[in-house]
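Novice: Right, I'll just put the structure down here and ask away after.
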Amino acid sequence: MSHLHARSVACPTCGKSVEWSAQARWRPFCSERCKLIDLGQWAHEQYRVPGDTPTDPSVDPLSDPLGERP
Ligand SMILES: [Zn+2]
């Protein structure tokens, strides 16, 4: 009946059209996931790729201790 009142917004994270209604609990995001992404709470976990451990050259056991010493 009052469908003319229905509004939709674009999800700030993925750009998906989100109906602005009482059922859209994560508005203006399309989902909890997109909300967490926007807050940086999700992306932080996504970047933790298994096996992609950063190497620290200062603790490299193969480095020559006499190579670059002052
Ligand atoms: Zn989204």
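Chain labels follow the order of the structure tokens: the first chain is A, the next B, and so on; residue numbering restarts at 1 in every chain, and ligands are counted from 1 in their shown order.
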Residues of chain A that have any atom at most 7 Å from an atom of ligand 1: could you tabulate them with the shortest-distance atom pair and the distance in Å to one decimal, using only C-alpha atoms and all ligand atoms, ordered by chain and increasing number, as JSON lines?
Specialist:
{"residue": "A:Cys11", "atom": "CA", "partner": "ligand 1", "partner_atom_place_in_ligand_line": "1 (Zn)", "distance": 4.7}
{"residue": "A:Pro12", "atom": "CA", "partner": "ligand 1", "partner_atom_place_in_ligand_line": "1 (Zn)", "distance": 6.7}
{"residue": "A:Thr13", "atom": "CA", "partner": "ligand 1", "partner_atom_place_in_ligand_line": "1 (Zn)", "distance": 5.0}
{"residue": "A:Cys14", "atom": "CA", "partner": "ligand 1", "partner_atom_place_in_ligand_line": "1 (Zn)", "distance": 4.2}
{"residue": "A:Gly15", "atom": "CA", "partner": "ligand 1", "partner_atom_place_in_ligand_line": "1 (Zn)", "distance": 6.0}
{"residue": "A:Lys16", "atom": "CA", "partner": "ligand 1", "partner_atom_place_in_ligand_line": "1 (Zn)", "distance": 5.4}
{"residue": "A:Phe29", "atom": "CA", "partner": "ligand 1", "partner_atom_place_in_ligand_line": "1 (Zn)", "distance": 5.3}
{"residue": "A:Cys30", "atom": "CA", "partner": "ligand 1", "partner_atom_place_in_ligand_line": "1 (Zn)", "distance": 4.3}
{"residue": "A:Ser31", "atom": "CA", "partner": "ligand 1", "partner_atom_place_in_ligand_line": "1 (Zn)", "distance": 5.8}
{"residue": "A:Cys34", "atom": "CA", "partner": "ligand 1", "partner_atom_place_in_ligand_line": "1 (Zn)", "distance": 4.6}
Novice: Can you spit out the residues from that selection as a compact mmCIF listing (two decimals), in the first residue's frame, using C-alpha atoms?
Specialist:
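As a result, result22.txt now contains:
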# COMPACT_ATOMS: atom_id res chain seq x y z
CA CYS A 11 25.47 -0.37 0.38
CA PRO A 12 28.56 1.69 1.24
CA THR A 13 30.71 -1.41 1.01
CA CYS A 14 29.60 -3.30 -2.08
CA GLY A 15 27.20 -0.84 -3.70
CA LYS A 16 24.32 -3.28 -3.64
CA PHE A 29 24.68 -1.92 4.65
CA CYS A 30 23.22 -4.90 2.82
CA SER A 31 24.45 -7.35 5.42
CA CYS A 34 29.44 -5.47 4.67
Novice: Which value, in Å to one decimal, gives the distance between atom CA of Val9 of chain A and atom CA of Arg27 of chain A?
Specialist: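 Those two atoms sit 8.3 Å apart.
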Novice: Using the chain letters and numbers from this document, which residues of segment 13-46 of chain A does DSSP assign to strand (DSSP E), as a count of residues only?
Specialist: 4
Novice: Please, what distance in Å, to one decimal, runs between atom CA of Glu32 of chain A and atom CA of Arg7 of chain A?
Specialist: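 That distance, rounded to one decimal, is 19.4 Å.
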Novice: What is the distance between atom CA of Ala6 of chain A and atom CA of Asp38 of chain A, in Å to one decimal?
Specialist: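 These two atoms are separated by 24.4 Å.
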